[in-house]
>>> print(open('model_2.pdb').read())   # PDB, C-alpha atoms, pLDDT in the B column
ATOM      1  CA  MET M 521      53.043 -12.227 -45.483  1.00 68.00           C
ATOM      2  CA  LYS M 522      49.361 -12.094 -44.514  1.00 76.00           C
ATOM      3  CA  LYS M 523      47.452 -15.254 -45.371  1.00 85.00           C
ATOM      4  CA  PRO M 524      44.094 -15.068 -47.153  1.00 93.00           C
ATOM      5  CA  LEU M 525      40.955 -15.679 -45.130  1.00 95.00           C
ATOM      6  CA  LEU M 526      39.899 -18.298 -47.702  1.00 96.00           C
ATOM      7  CA  SER M 527      42.271 -20.246 -49.928  1.00 97.00           C
ATOM      8  CA  MET M 528      41.049 -22.779 -52.476  1.00 97.00           C
ATOM      9  CA  GLN M 529      43.809 -24.247 -54.624  1.00 97.00           C
ATOM     10  CA  ASN M 530      43.532 -26.457 -57.725  1.00 98.00           C
ATOM     11  CA  ILE M 531      40.030 -27.650 -56.852  1.00 98.00           C
ATOM     12  CA  THR M 532      38.649 -30.490 -58.942  1.00 98.00           C
ATOM     13  CA  LYS M 533      35.134 -31.846 -58.696  1.00 97.00           C
ATOM     14  CA  ARG M 534      33.316 -34.403 -60.814  1.00 96.00           C
ATOM     15  CA  PHE M 535      29.722 -35.548 -60.851  1.00 95.00           C
ATOM     16  CA  GLY M 536      29.870 -38.968 -62.445  1.00 94.00           C
ATOM     17  CA  ASP M 537      31.605 -38.569 -65.809  1.00 94.00           C
ATOM     18  CA  THR M 538      31.208 -34.786 -65.818  1.00 94.00           C
ATOM     19  CA  ALA M 539      34.122 -32.640 -64.642  1.00 96.00           C
ATOM     20  CA  VAL M 540      32.528 -29.526 -63.137  1.00 96.00           C
ATOM     21  CA  LEU M 541      35.640 -27.908 -61.629  1.00 97.00           C
ATOM     22  CA  LYS M 542      38.960 -28.432 -63.392  1.00 97.00           C
ATOM     23  CA  GLY M 543      41.698 -27.052 -61.165  1.00 97.00           C
ATOM     24  CA  VAL M 544      40.003 -23.861 -59.953  1.00 97.00           C
ATOM     25  CA  SER M 545      41.851 -21.641 -57.466  1.00 97.00           C
ATOM     26  CA  LEU M 546      40.389 -18.783 -55.409  1.00 96.00           C
ATOM     27  CA  CYS M 547      41.895 -16.694 -52.594  1.00 96.00           C
ATOM     28  CA  VAL M 548      39.910 -14.136 -50.607  1.00 96.00           C
ATOM     29  CA  ASP M 549      41.511 -11.655 -48.213  1.00 95.00           C
ATOM     30  CA  ARG M 550      39.826 -10.325 -45.082  1.00 94.00           C
ATOM     31  CA  GLY M 551      37.472  -7.488 -45.988  1.00 94.00           C
ATOM     32  CA  GLU M 552      37.594  -8.319 -49.696  1.00 95.00           C
ATOM     33  CA  ILE M 553      34.539  -8.752 -51.896  1.00 95.00           C
ATOM     34  CA  VAL M 554      34.877 -11.240 -54.738  1.00 97.00           C
ATOM     35  CA  ALA M 555      32.153 -11.658 -57.362  1.00 96.00           C
ATOM     36  CA  ILE M 556      31.986 -14.908 -59.319  1.00 97.00           C
ATOM     37  CA  ILE M 557      30.339 -14.686 -62.720  1.00 95.00           C
ATOM     38  CA  GLY M 558      29.961 -17.003 -65.671  1.00 93.00           C
ATOM     39  CA  PRO M 559      27.430 -18.858 -67.823  1.00 92.00           C
ATOM     40  CA  SER M 560      25.060 -21.476 -66.451  1.00 88.00           C
ATOM     41  CA  GLY M 561      26.852 -24.742 -65.725  1.00 89.00           C
ATOM     42  CA  SER M 562      30.301 -23.147 -65.428  1.00 92.00           C
ATOM     43  CA  GLY M 563      30.793 -24.365 -61.836  1.00 94.00           C
ATOM     44  CA  LYS M 564      30.024 -21.165 -59.897  1.00 95.00           C
ATOM     45  CA  SER M 565      27.587 -22.615 -57.355  1.00 92.00           C
ATOM     46  CA  THR M 566      29.571 -25.846 -57.087  1.00 95.00           C
ATOM     47  CA  LEU M 567      32.669 -23.857 -56.076  1.00 96.00           C
ATOM     48  CA  LEU M 568      30.667 -22.145 -53.329  1.00 95.00           C
ATOM     49  CA  ARG M 569      29.223 -25.427 -52.123  1.00 94.00           C
ATOM     50  CA  CYS M 570      32.714 -26.922 -51.911  1.00 96.00           C
ATOM     51  CA  ALA M 571      33.919 -23.979 -49.806  1.00 95.00           C
ATOM     52  CA  LEU M 572      30.933 -24.462 -47.498  1.00 93.00           C
ATOM     53  CA  MET M 573      31.337 -28.257 -47.214  1.00 93.00           C
ATOM     54  CA  LEU M 574      27.981 -28.846 -48.891  1.00 93.00           C
ATOM     55  CA  GLU M 575      29.936 -30.762 -51.542  1.00 95.00           C
ATOM     56  CA  THR M 576      33.216 -32.637 -51.145  1.00 96.00           C
ATOM     57  CA  ILE M 577      36.122 -31.932 -53.494  1.00 97.00           C
ATOM     58  CA  ASP M 578      37.914 -34.678 -55.384  1.00 97.00           C
ATOM     59  CA  SER M 579      41.332 -33.054 -55.099  1.00 97.00           C
ATOM     60  CA  GLY M 580      43.001 -29.775 -54.197  1.00 97.00           C
ATOM     61  CA  SER M 581      43.166 -27.871 -50.931  1.00 97.00           C
ATOM     62  CA  ILE M 582      40.861 -25.604 -48.936  1.00 97.00           C
ATOM     63  CA  GLU M 583      41.939 -23.458 -45.978  1.00 96.00           C
ATOM     64  CA  ILE M 584      39.711 -21.160 -43.945  1.00 95.00           C
ATOM     65  CA  CYS M 585      41.161 -18.829 -41.300  1.00 92.00           C
ATOM     66  CA  ASP M 586      44.558 -20.587 -41.506  1.00 91.00           C
ATOM     67  CA  GLN M 587      43.001 -23.993 -40.819  1.00 94.00           C
ATOM     68  CA  VAL M 588      43.057 -26.811 -43.354  1.00 95.00           C
ATOM     69  CA  LEU M 589      39.607 -28.024 -44.301  1.00 95.00           C
ATOM     70  CA  ALA M 590      40.703 -30.512 -46.981  1.00 96.00           C
ATOM     71  CA  GLN M 591      43.803 -31.298 -49.004  1.00 96.00           C
ATOM     72  CA  GLY M 592      45.377 -33.905 -51.245  1.00 96.00           C
ATOM     73  CA  SER M 593      44.526 -36.076 -54.221  1.00 95.00           C
ATOM     74  CA  PRO M 594      42.191 -37.668 -53.429  1.00 95.00           C
ATOM     75  CA  ALA M 595      41.218 -34.997 -50.903  1.00 96.00           C
ATOM     76  CA  VAL M 596      41.334 -35.891 -47.214  1.00 97.00           C
ATOM     77  CA  TYR M 597      39.151 -33.830 -44.889  1.00 97.00           C
ATOM     78  CA  ALA M 598      39.965 -32.614 -41.391  1.00 95.00           C
ATOM     79  CA  GLU M 599      38.433 -34.333 -38.374  1.00 95.00           C
ATOM     80  CA  LYS M 600      34.768 -33.606 -37.651  1.00 93.00           C
ATOM     81  CA  LYS M 601      35.519 -31.341 -34.693  1.00 93.00           C
ATOM     82  CA  THR M 602      37.647 -29.068 -36.883  1.00 93.00           C
ATOM     83  CA  LEU M 603      35.031 -29.087 -39.664  1.00 92.00           C
ATOM     84  CA  ARG M 604      32.341 -27.958 -37.207  1.00 90.00           C
ATOM     85  CA  VAL M 605      34.547 -25.073 -36.079  1.00 90.00           C
ATOM     86  CA  LEU M 606      35.218 -24.040 -39.672  1.00 91.00           C
ATOM     87  CA  GLN M 607      31.537 -24.241 -40.612  1.00 89.00           C
ATOM     88  CA  ARG M 608      30.814 -21.649 -37.911  1.00 89.00           C
ATOM     89  CA  LYS M 609      33.192 -19.253 -39.670  1.00 93.00           C
ATOM     90  CA  THR M 610      31.097 -19.195 -42.850  1.00 94.00           C
ATOM     91  CA  GLY M 611      27.581 -18.083 -43.665  1.00 93.00           C
ATOM     92  CA  LEU M 612      25.461 -18.718 -46.759  1.00 92.00           C
ATOM     93  CA  VAL M 613      22.551 -16.838 -48.283  1.00 92.00           C
ATOM     94  CA  PHE M 614      20.666 -19.206 -50.599  1.00 85.00           C
ATOM     95  CA  GLN M 615      18.923 -18.366 -53.863  1.00 82.00           C
ATOM     96  CA  ASN M 616      15.503 -19.365 -52.520  1.00 82.00           C
ATOM     97  CA  PHE M 617      15.654 -18.028 -48.951  1.00 84.00           C
ATOM     98  CA  ASN M 618      15.244 -21.437 -47.192  1.00 87.00           C
ATOM     99  CA  LEU M 619      13.437 -19.895 -44.223  1.00 93.00           C
ATOM    100  CA  PHE M 620      11.585 -22.176 -41.822  1.00 94.00           C
ATOM    101  CA  PRO M 621       7.898 -21.539 -42.660  1.00 95.00           C
ATOM    102  CA  HIS M 622       6.626 -22.545 -39.191  1.00 96.00           C
ATOM    103  CA  LEU M 623       8.902 -20.084 -37.376  1.00 96.00           C
ATOM    104  CA  SER M 624       8.532 -16.328 -37.063  1.00 97.00           C
ATOM    105  CA  VAL M 625      11.162 -14.023 -38.535  1.00 97.00           C
ATOM    106  CA  LEU M 626      12.725 -13.577 -35.089  1.00 97.00           C
ATOM    107  CA  GLU M 627      12.731 -17.337 -34.472  1.00 97.00           C
ATOM    108  CA  ASN M 628      14.329 -17.999 -37.870  1.00 97.00           C
ATOM    109  CA  ILE M 629      17.229 -15.731 -36.944  1.00 97.00           C
ATOM    110  CA  THR M 630      17.667 -16.912 -33.342  1.00 97.00           C
ATOM    111  CA  ALA M 631      17.402 -20.675 -33.964  1.00 95.00           C
ATOM    112  CA  ALA M 632      21.078 -21.269 -34.797  1.00 92.00           C
ATOM    113  CA  PRO M 633      22.575 -18.924 -32.169  1.00 94.00           C
ATOM    114  CA  ILE M 634      20.525 -20.658 -29.460  1.00 94.00           C
ATOM    115  CA  ARG M 635      20.866 -24.261 -30.630  1.00 92.00           C
ATOM    116  CA  VAL M 636      24.321 -24.190 -32.220  1.00 87.00           C
ATOM    117  CA  ALA M 637      26.195 -21.424 -30.412  1.00 87.00           C
ATOM    118  CA  GLY M 638      24.533 -21.900 -27.028  1.00 90.00           C
ATOM    119  CA  GLN M 639      23.470 -18.269 -26.673  1.00 93.00           C
ATOM    120  CA  SER M 640      20.724 -17.344 -24.245  1.00 94.00           C
ATOM    121  CA  ARG M 641      17.377 -16.503 -25.804  1.00 95.00           C
ATOM    122  CA  GLU M 642      17.672 -12.933 -24.550  1.00 95.00           C
ATOM    123  CA  GLN M 643      21.132 -12.515 -26.091  1.00 95.00           C
ATOM    124  CA  ALA M 644      20.087 -14.099 -29.389  1.00 96.00           C
ATOM    125  CA  GLU M 645      16.936 -11.993 -29.670  1.00 96.00           C
ATOM    126  CA  GLN M 646      18.814  -8.776 -28.935  1.00 96.00           C
ATOM    127  CA  LYS M 647      21.288  -9.571 -31.716  1.00 96.00           C
ATOM    128  CA  ALA M 648      18.475 -10.626 -34.084  1.00 97.00           C
ATOM    129  CA  ARG M 649      16.569  -7.377 -33.581  1.00 97.00           C
ATOM    130  CA  ALA M 650      19.744  -5.387 -34.281  1.00 96.00           C
ATOM    131  CA  LEU M 651      20.241  -7.355 -37.505  1.00 96.00           C
ATOM    132  CA  LEU M 652      16.619  -6.790 -38.543  1.00 96.00           C
ATOM    133  CA  GLN M 653      17.165  -3.071 -37.990  1.00 95.00           C
ATOM    134  CA  LYS M 654      20.257  -3.272 -40.208  1.00 93.00           C
ATOM    135  CA  VAL M 655      18.339  -4.875 -43.092  1.00 93.00           C
ATOM    136  CA  GLY M 656      15.348  -2.548 -42.681  1.00 93.00           C
ATOM    137  CA  LEU M 657      12.868  -5.056 -41.238  1.00 95.00           C
ATOM    138  CA  ALA M 658      12.680  -4.165 -37.542  1.00 95.00           C
ATOM    139  CA  GLU M 659       8.889  -4.144 -37.698  1.00 96.00           C
ATOM    140  CA  LYS M 660       8.692  -7.700 -39.128  1.00 96.00           C
ATOM    141  CA  ALA M 661      10.148  -9.596 -36.147  1.00 96.00           C
ATOM    142  CA  ASP M 662       6.858 -11.351 -35.328  1.00 97.00           C
ATOM    143  CA  ALA M 663       5.769 -11.958 -38.928  1.00 97.00           C
ATOM    144  CA  TYR M 664       5.969 -15.355 -40.631  1.00 97.00           C
ATOM    145  CA  PRO M 665       7.669 -16.031 -43.984  1.00 95.00           C
ATOM    146  CA  CYS M 666       4.323 -16.424 -45.761  1.00 95.00           C
ATOM    147  CA  GLN M 667       3.526 -12.804 -44.839  1.00 96.00           C
ATOM    148  CA  LEU M 668       6.664 -11.418 -46.482  1.00 94.00           C
ATOM    149  CA  SER M 669       7.567 -10.414 -50.020  1.00 91.00           C
ATOM    150  CA  GLY M 670      10.421 -12.162 -51.784  1.00 89.00           C
ATOM    151  CA  GLY M 671      12.756  -9.259 -51.127  1.00 90.00           C
ATOM    152  CA  GLN M 672      11.838  -9.233 -47.443  1.00 93.00           C
ATOM    153  CA  LYS M 673      12.430 -12.993 -47.177  1.00 93.00           C
ATOM    154  CA  GLN M 674      15.886 -12.606 -48.678  1.00 91.00           C
ATOM    155  CA  ARG M 675      16.728  -9.779 -46.283  1.00 93.00           C
ATOM    156  CA  VAL M 676      15.697 -12.028 -43.397  1.00 95.00           C
ATOM    157  CA  ALA M 677      17.905 -14.746 -44.865  1.00 94.00           C
ATOM    158  CA  ILE M 678      20.847 -12.307 -44.855  1.00 95.00           C
ATOM    159  CA  ALA M 679      20.156 -11.405 -41.219  1.00 96.00           C
ATOM    160  CA  ARG M 680      19.996 -15.113 -40.347  1.00 95.00           C
ATOM    161  CA  ALA M 681      23.319 -15.775 -42.065  1.00 94.00           C
ATOM    162  CA  MET M 682      24.894 -12.903 -40.108  1.00 94.00           C
ATOM    163  CA  ALA M 683      23.527 -14.078 -36.736  1.00 94.00           C
ATOM    164  CA  LEU M 684      26.452 -16.412 -36.014  1.00 90.00           C
ATOM    165  CA  GLU M 685      28.907 -13.635 -36.916  1.00 92.00           C
ATOM    166  CA  PRO M 686      30.692 -15.489 -39.731  1.00 94.00           C
ATOM    167  CA  GLU M 687      34.147 -14.487 -40.876  1.00 95.00           C
ATOM    168  CA  ILE M 688      33.096 -14.799 -44.504  1.00 96.00           C
ATOM    169  CA  LEU M 689      29.654 -14.584 -46.086  1.00 96.00           C
ATOM    170  CA  PHE M 690      28.709 -16.413 -49.293  1.00 96.00           C
ATOM    171  CA  PHE M 691      25.825 -15.446 -51.590  1.00 94.00           C
ATOM    172  CA  ASP M 692      24.562 -17.869 -54.230  1.00 92.00           C
ATOM    173  CA  GLU M 693      22.770 -15.658 -56.780  1.00 89.00           C
ATOM    174  CA  PRO M 694      20.846 -13.811 -54.047  1.00 86.00           C
ATOM    175  CA  THR M 695      18.538 -11.997 -56.475  1.00 83.00           C
ATOM    176  CA  SER M 696      17.778 -14.787 -58.957  1.00 81.00           C
ATOM    177  CA  ALA M 697      14.444 -15.735 -57.331  1.00 73.00           C
ATOM    178  CA  LEU M 698      13.225 -12.144 -57.143  1.00 79.00           C
ATOM    179  CA  ASP M 699      11.205  -9.921 -59.411  1.00 80.00           C
ATOM    180  CA  PRO M 700      13.360  -7.128 -60.883  1.00 77.00           C
ATOM    181  CA  GLU M 701      11.743  -4.446 -58.704  1.00 75.00           C
ATOM    182  CA  LEU M 702      12.748  -6.333 -55.537  1.00 79.00           C
ATOM    183  CA  THR M 703      16.349  -6.902 -56.582  1.00 83.00           C
ATOM    184  CA  GLY M 704      17.351  -3.393 -55.515  1.00 84.00           C
ATOM    185  CA  GLU M 705      16.393  -4.133 -51.895  1.00 84.00           C
ATOM    186  CA  ILE M 706      18.946  -6.929 -51.671  1.00 88.00           C
ATOM    187  CA  LEU M 707      21.707  -5.139 -53.530  1.00 87.00           C
ATOM    188  CA  LYS M 708      21.327  -2.177 -51.158  1.00 88.00           C
ATOM    189  CA  VAL M 709      21.816  -4.447 -48.116  1.00 91.00           C
ATOM    190  CA  ILE M 710      24.891  -6.076 -49.688  1.00 91.00           C
ATOM    191  CA  ARG M 711      26.342  -2.655 -50.484  1.00 89.00           C
ATOM    192  CA  GLU M 712      25.878  -1.655 -46.829  1.00 91.00           C
ATOM    193  CA  LEU M 713      27.727  -4.798 -45.741  1.00 92.00           C
ATOM    194  CA  ALA M 714      30.486  -3.908 -48.201  1.00 90.00           C
ATOM    195  CA  LYS M 715      30.876  -0.500 -46.540  1.00 89.00           C
ATOM    196  CA  GLU M 716      31.420  -2.335 -43.241  1.00 91.00           C
ATOM    197  CA  LYS M 717      34.209  -4.400 -44.862  1.00 91.00           C
ATOM    198  CA  MET M 718      32.364  -7.703 -44.505  1.00 94.00           C
ATOM    199  CA  THR M 719      34.279 -10.393 -46.386  1.00 96.00           C
ATOM    200  CA  MET M 720      31.973 -11.686 -49.119  1.00 96.00           C
ATOM    201  CA  VAL M 721      31.982 -14.073 -52.055  1.00 97.00           C
ATOM    202  CA  ILE M 722      29.025 -13.422 -54.340  1.00 95.00           C
ATOM    203  CA  VAL M 723      27.887 -15.598 -57.219  1.00 95.00           C
ATOM    204  CA  THR M 724      25.795 -13.222 -59.286  1.00 91.00           C
ATOM    205  CA  HIS M 725      24.300 -12.561 -62.696  1.00 88.00           C
ATOM    206  CA  GLU M 726      23.912  -8.847 -61.880  1.00 85.00           C
ATOM    207  CA  MET M 727      26.851  -7.532 -63.898  1.00 88.00           C
ATOM    208  CA  ALA M 728      26.423  -3.837 -63.065  1.00 84.00           C
ATOM    209  CA  PHE M 729      26.238  -4.725 -59.368  1.00 86.00           C
ATOM    210  CA  ALA M 730      29.340  -6.924 -59.572  1.00 89.00           C
ATOM    211  CA  LYS M 731      31.194  -4.106 -61.319  1.00 88.00           C
ATOM    212  CA  SER M 732      30.220  -1.550 -58.665  1.00 87.00           C
ATOM    213  CA  VAL M 733      30.690  -3.551 -55.454  1.00 88.00           C
ATOM    214  CA  ALA M 734      33.388  -6.178 -56.070  1.00 93.00           C
ATOM    215  CA  ASP M 735      37.089  -5.668 -55.415  1.00 94.00           C
ATOM    216  CA  ARG M 736      37.821  -8.577 -57.729  1.00 96.00           C
ATOM    217  CA  ILE M 737      35.874 -10.636 -60.268  1.00 95.00           C
ATOM    218  CA  LEU M 738      36.355 -14.301 -61.113  1.00 96.00           C
ATOM    219  CA  PHE M 739      34.966 -15.421 -64.487  1.00 95.00           C
ATOM    220  CA  LEU M 740      34.339 -19.167 -64.596  1.00 95.00           C
ATOM    221  CA  ASP M 741      33.747 -20.825 -67.934  1.00 94.00           C
ATOM    222  CA  GLY M 742      33.603 -24.568 -68.497  1.00 92.00           C
ATOM    223  CA  GLY M 743      34.963 -25.355 -65.045  1.00 95.00           C
ATOM    224  CA  ILE M 744      38.093 -23.211 -65.278  1.00 95.00           C
ATOM    225  CA  VAL M 745      39.005 -19.634 -64.345  1.00 95.00           C
ATOM    226  CA  ALA M 746      38.821 -17.898 -67.712  1.00 93.00           C
ATOM    227  CA  ALA M 747      39.543 -14.426 -66.324  1.00 92.00           C
ATOM    228  CA  GLU M 748      40.335 -12.874 -62.952  1.00 94.00           C
ATOM    229  CA  GLY M 749      41.131  -9.388 -61.743  1.00 93.00           C
ATOM    230  CA  SER M 750      39.632  -6.014 -60.944  1.00 93.00           C
ATOM    231  CA  PRO M 751      36.217  -5.172 -62.422  1.00 92.00           C
ATOM    232  CA  GLU M 752      37.970  -2.750 -64.783  1.00 90.00           C
ATOM    233  CA  LYS M 753      40.309  -5.475 -66.016  1.00 89.00           C
ATOM    234  CA  VAL M 754      37.722  -8.253 -66.388  1.00 90.00           C
ATOM    235  CA  LEU M 755      34.782  -6.186 -67.649  1.00 87.00           C
ATOM    236  CA  GLY M 756      36.618  -3.202 -69.150  1.00 82.00           C
ATOM    237  CA  GLU M 757      38.141  -2.396 -72.522  1.00 74.00           C
ATOM    238  CA  GLY M 758      40.746  -5.155 -72.375  1.00 69.00           C
ATOM    239  CA  LYS M 759      38.232  -7.954 -71.855  1.00 76.00           C
ATOM    240  CA  SER M 760      38.574 -11.142 -73.851  1.00 80.00           C
ATOM    241  CA  ALA M 761      36.466 -12.132 -76.849  1.00 84.00           C
ATOM    242  CA  ARG M 762      34.814 -14.836 -74.721  1.00 85.00           C
ATOM    243  CA  MET M 763      33.954 -12.275 -72.060  1.00 85.00           C
ATOM    244  CA  MET M 764      32.511  -9.961 -74.708  1.00 85.00           C
ATOM    245  CA  GLN M 765      30.353 -12.824 -75.952  1.00 86.00           C
ATOM    246  CA  PHE M 766      29.161 -13.593 -72.417  1.00 88.00           C
ATOM    247  CA  LEU M 767      28.369  -9.951 -71.659  1.00 84.00           C
ATOM    248  CA  GLN M 768      26.275  -9.385 -74.810  1.00 82.00           C
ATOM    249  CA  LYS M 769      23.107 -10.348 -72.940  1.00 73.00           C
ATOM    250  CA  PHE M 770      23.775  -7.798 -70.184  1.00 69.00           C
ATOM    251  CA  GLU M 771      22.805  -4.469 -71.682  1.00 55.00           C
ATOM    252  CA  GLU M 772      23.810  -2.508 -68.571  1.00 51.00           C
ATOM    253  CA  ILE M 773      27.497  -3.358 -69.217  1.00 48.00           C
TER
END
>>> encode(input="model_2.pdb", output="structure tokens")
Amino acid sequence: MKKPLLSMQNITKRFGDTAVLKGVSLCVDRGEIVAIIGPSGSGKSTLLRCALMLETIDSGSIEICDQVLAQGSPAVYAEKKTLRVLQRKTGLVFQNFNLFPHLSVLENITAAPIRVAGQSREQAEQKARALLQKVGLAEKADAYPCQLSGGQKQRVAIARAMALEPEILFFDEPTSALDPELTGEILKVIRELAKEKMTMVIVTHEMAFAKSVADRILFLDGGIVAAEGSPEKVLGEGKSARMMQFLQKFEEI
């Protein structure tokens, strides 16, 4: 039986006295696109941060590409060498771009491949220019972040996340910092990645987008998985009363 690319089982996470994740499980197969939705404070971003080692879990298990990242209660993490290898297999696109303001677009994308992966500058720049072409910004290679629109910054951030060729790409509400008219730029890029079967986990508040692009939707509510399944199952006619309540503010659904 084929193992999932990402397996998170019975994840718990507390911040002080507050339990943010209460036994959440998530499996993602290669080439699958999973959208995570839910109200503010439900644990969506925390789950992503735990998968990316930006937060440590209290208990449960995490495996990426058949390698154990953490397991047990309390959780014990793998040795640092293994964690570094696993970090290279993931990429993250932040809400607020997080580009280096003093570096050009090209330099933002090539920094990690050169410094982390040991690529030559020529190799890294060739890859970066191909990625900029993919996200529709080939002409912006020498521009600086301050010269870009919000949508352009986020497209650069996607190219940067792809530069190390991750096995799985995470998006933490990639359109939340954008004006509505710029949101379409980012959703178009993500849809193109979906066509290429890029494995993605997307925390989003764009319900129509989640319905159209995701293979599976996870609905987090109060730190637990309140619903999981195909978009038709989670958002369709058989949806729960709690889901109906949550979706009332999204007119497009």
>>> atom_distance(input="model_2.pdb", atom1="atom CA of Ser732 of chain M", atom2="atom CA of Gly551 of chain M")
15.8 Å
>>> closest_residue(input="model_2.pdb", among="M:Val605, M:Val596, M:Leu626, M:Ile531", to="Gly580 of chain M", atoms="all atoms listed in the file")
M:Ile531
>>> resolve_selection(input="model_2.pdb", expression="the PyMOL selection byres ((chain M and resi 724) around 6)", output="ChimeraX atom specification")
/M:557,693,722-723,725-726
>>> resolve_selection(input="model_2.pdb", expression="the PyMOL selection byres ((chain M and resi 720) around 6)", output="JSON, numbers by chain")
{"M": [553, 688, 689, 690, 719, 721]}
>>> closest_residue(input="model_2.pdb", among="M:Gly670, M:Glu748, M:Glu685, M:Gln607", to="Pro633 of chain M", atoms="all atoms listed in the file")
M:Glu685
>>> residues_around(input="model_2.pdb", residues="segment 698-704 of chain M", least_positions_apart="4", cutoff="12 Å", atoms="all atoms listed in the file", output="PDB file with C-alpha atoms, in the frame of the given file")
ATOM      1  CA  GLN M 615      18.923 -18.366 -53.863  1.00 82.00           C
ATOM      2  CA  ASN M 616      15.503 -19.365 -52.520  1.00 82.00           C
ATOM      3  CA  PHE M 617      15.654 -18.028 -48.951  1.00 84.00           C
ATOM      4  CA  SER M 669       7.567 -10.414 -50.020  1.00 91.00           C
ATOM      5  CA  GLY M 670      10.421 -12.162 -51.784  1.00 89.00           C
ATOM      6  CA  GLY M 671      12.756  -9.259 -51.127  1.00 90.00           C
ATOM      7  CA  GLN M 672      11.838  -9.233 -47.443  1.00 93.00           C
ATOM      8  CA  LYS M 673      12.430 -12.993 -47.177  1.00 93.00           C
ATOM      9  CA  GLN M 674      15.886 -12.606 -48.678  1.00 91.00           C
ATOM     10  CA  ARG M 675      16.728  -9.779 -46.283  1.00 93.00           C
ATOM     11  CA  GLU M 693      22.770 -15.658 -56.780  1.00 89.00           C
ATOM     12  CA  PRO M 694      20.846 -13.811 -54.047  1.00 86.00           C
ATOM     13  CA  LYS M 708      21.327  -2.177 -51.158  1.00 88.00           C
ATOM     14  CA  VAL M 709      21.816  -4.447 -48.116  1.00 91.00           C
ATOM     15  CA  ILE M 710      24.891  -6.076 -49.688  1.00 91.00           C
ATOM     16  CA  ARG M 711      26.342  -2.655 -50.484  1.00 89.00           C
ATOM     17  CA  THR M 724      25.795 -13.222 -59.286  1.00 91.00           C
ATOM     18  CA  HIS M 725      24.300 -12.561 -62.696  1.00 88.00           C
ATOM     19  CA  GLU M 726      23.912  -8.847 -61.880  1.00 85.00           C
ATOM     20  CA  ALA M 728      26.423  -3.837 -63.065  1.00 84.00           C
ATOM     21  CA  PHE M 729      26.238  -4.725 -59.368  1.00 86.00           C
TER      22      PHE M 729
END
>>> resolve_selection(input="model_2.pdb", expression="the PyMOL selection byres ((chain M and resi 608) around 12)", output="MDAnalysis selection string")
chainID M and resid 572:573 584:585 601:607 609:612 632:633 636:637 681:689
>>> atom_distance(input="model_2.pdb", atom1="atom CA of Ser760 of chain M", atom2="atom CA of Cys570 of chain M")
27.7 Å
>>> residues_around(input="model_2.pdb", residues="Glu583 of chain M", least_positions_apart="3", cutoff="10 Å", atoms="all atoms listed in the file", output="ChimeraX atom specification")
/M:523-529,547,571,586-591,606
>>> closest_residue(input="model_2.pdb", among="M:Leu668, M:Val754, M:Val745, M:Met763", to="Ser545 of chain M", atoms="only C-alpha atoms")
M:Val745
>>> atom_distance(input="model_2.pdb", atom1="atom CA of Arg569 of chain M", atom2="atom CA of Asp692 of chain M")
9.1 Å
>>> closest_residue(input="model_2.pdb", among="M:Glu552, M:Asp537, M:Glu642, M:Glu659", to="Leu713 of chain M", atoms="all atoms listed in the file")
M:Glu552
>>> residues_near_point(input="model_2.pdb", point="(12.2, -15.5, -32.3)", cutoff="9 Å", atoms="only C-alpha atoms", output="compact mmCIF listing (two decimals) with C-alpha atoms, in the frame of the given file")
# COMPACT_ATOMS: atom_id res chain seq x y z
CA LEU M 623 8.90 -20.08 -37.38
CA SER M 624 8.53 -16.33 -37.06
CA VAL M 625 11.16 -14.02 -38.53
CA LEU M 626 12.72 -13.58 -35.09
CA GLU M 627 12.73 -17.34 -34.47
CA ASN M 628 14.33 -18.00 -37.87
CA ILE M 629 17.23 -15.73 -36.94
CA THR M 630 17.67 -16.91 -33.34
CA ALA M 631 17.40 -20.68 -33.96
CA ARG M 641 17.38 -16.50 -25.80
CA ALA M 644 20.09 -14.10 -29.39
CA GLU M 645 16.94 -11.99 -29.67
CA ALA M 648 18.48 -10.63 -34.08
CA ALA M 661 10.15 -9.60 -36.15
CA ASP M 662 6.86 -11.35 -35.33
>>> closest_residue(input="model_2.pdb", among="M:Val676, M:Lys522, M:Gly749, M:Phe614", to="Lys660 of chain M", atoms="only C-alpha atoms")
M:Val676
>>> residues_near_point(input="model_2.pdb", point="(32.5, -7.3, -56.8)", cutoff="8 Å", atoms="all atoms listed in the file", output="list in words")
Ile553, Val554, Ala555, Ile722, Phe729, Ala730, Lys731, Ser732, Val733, Ala734, Asp735, Arg736, Ile737 and Pro751 of chain M
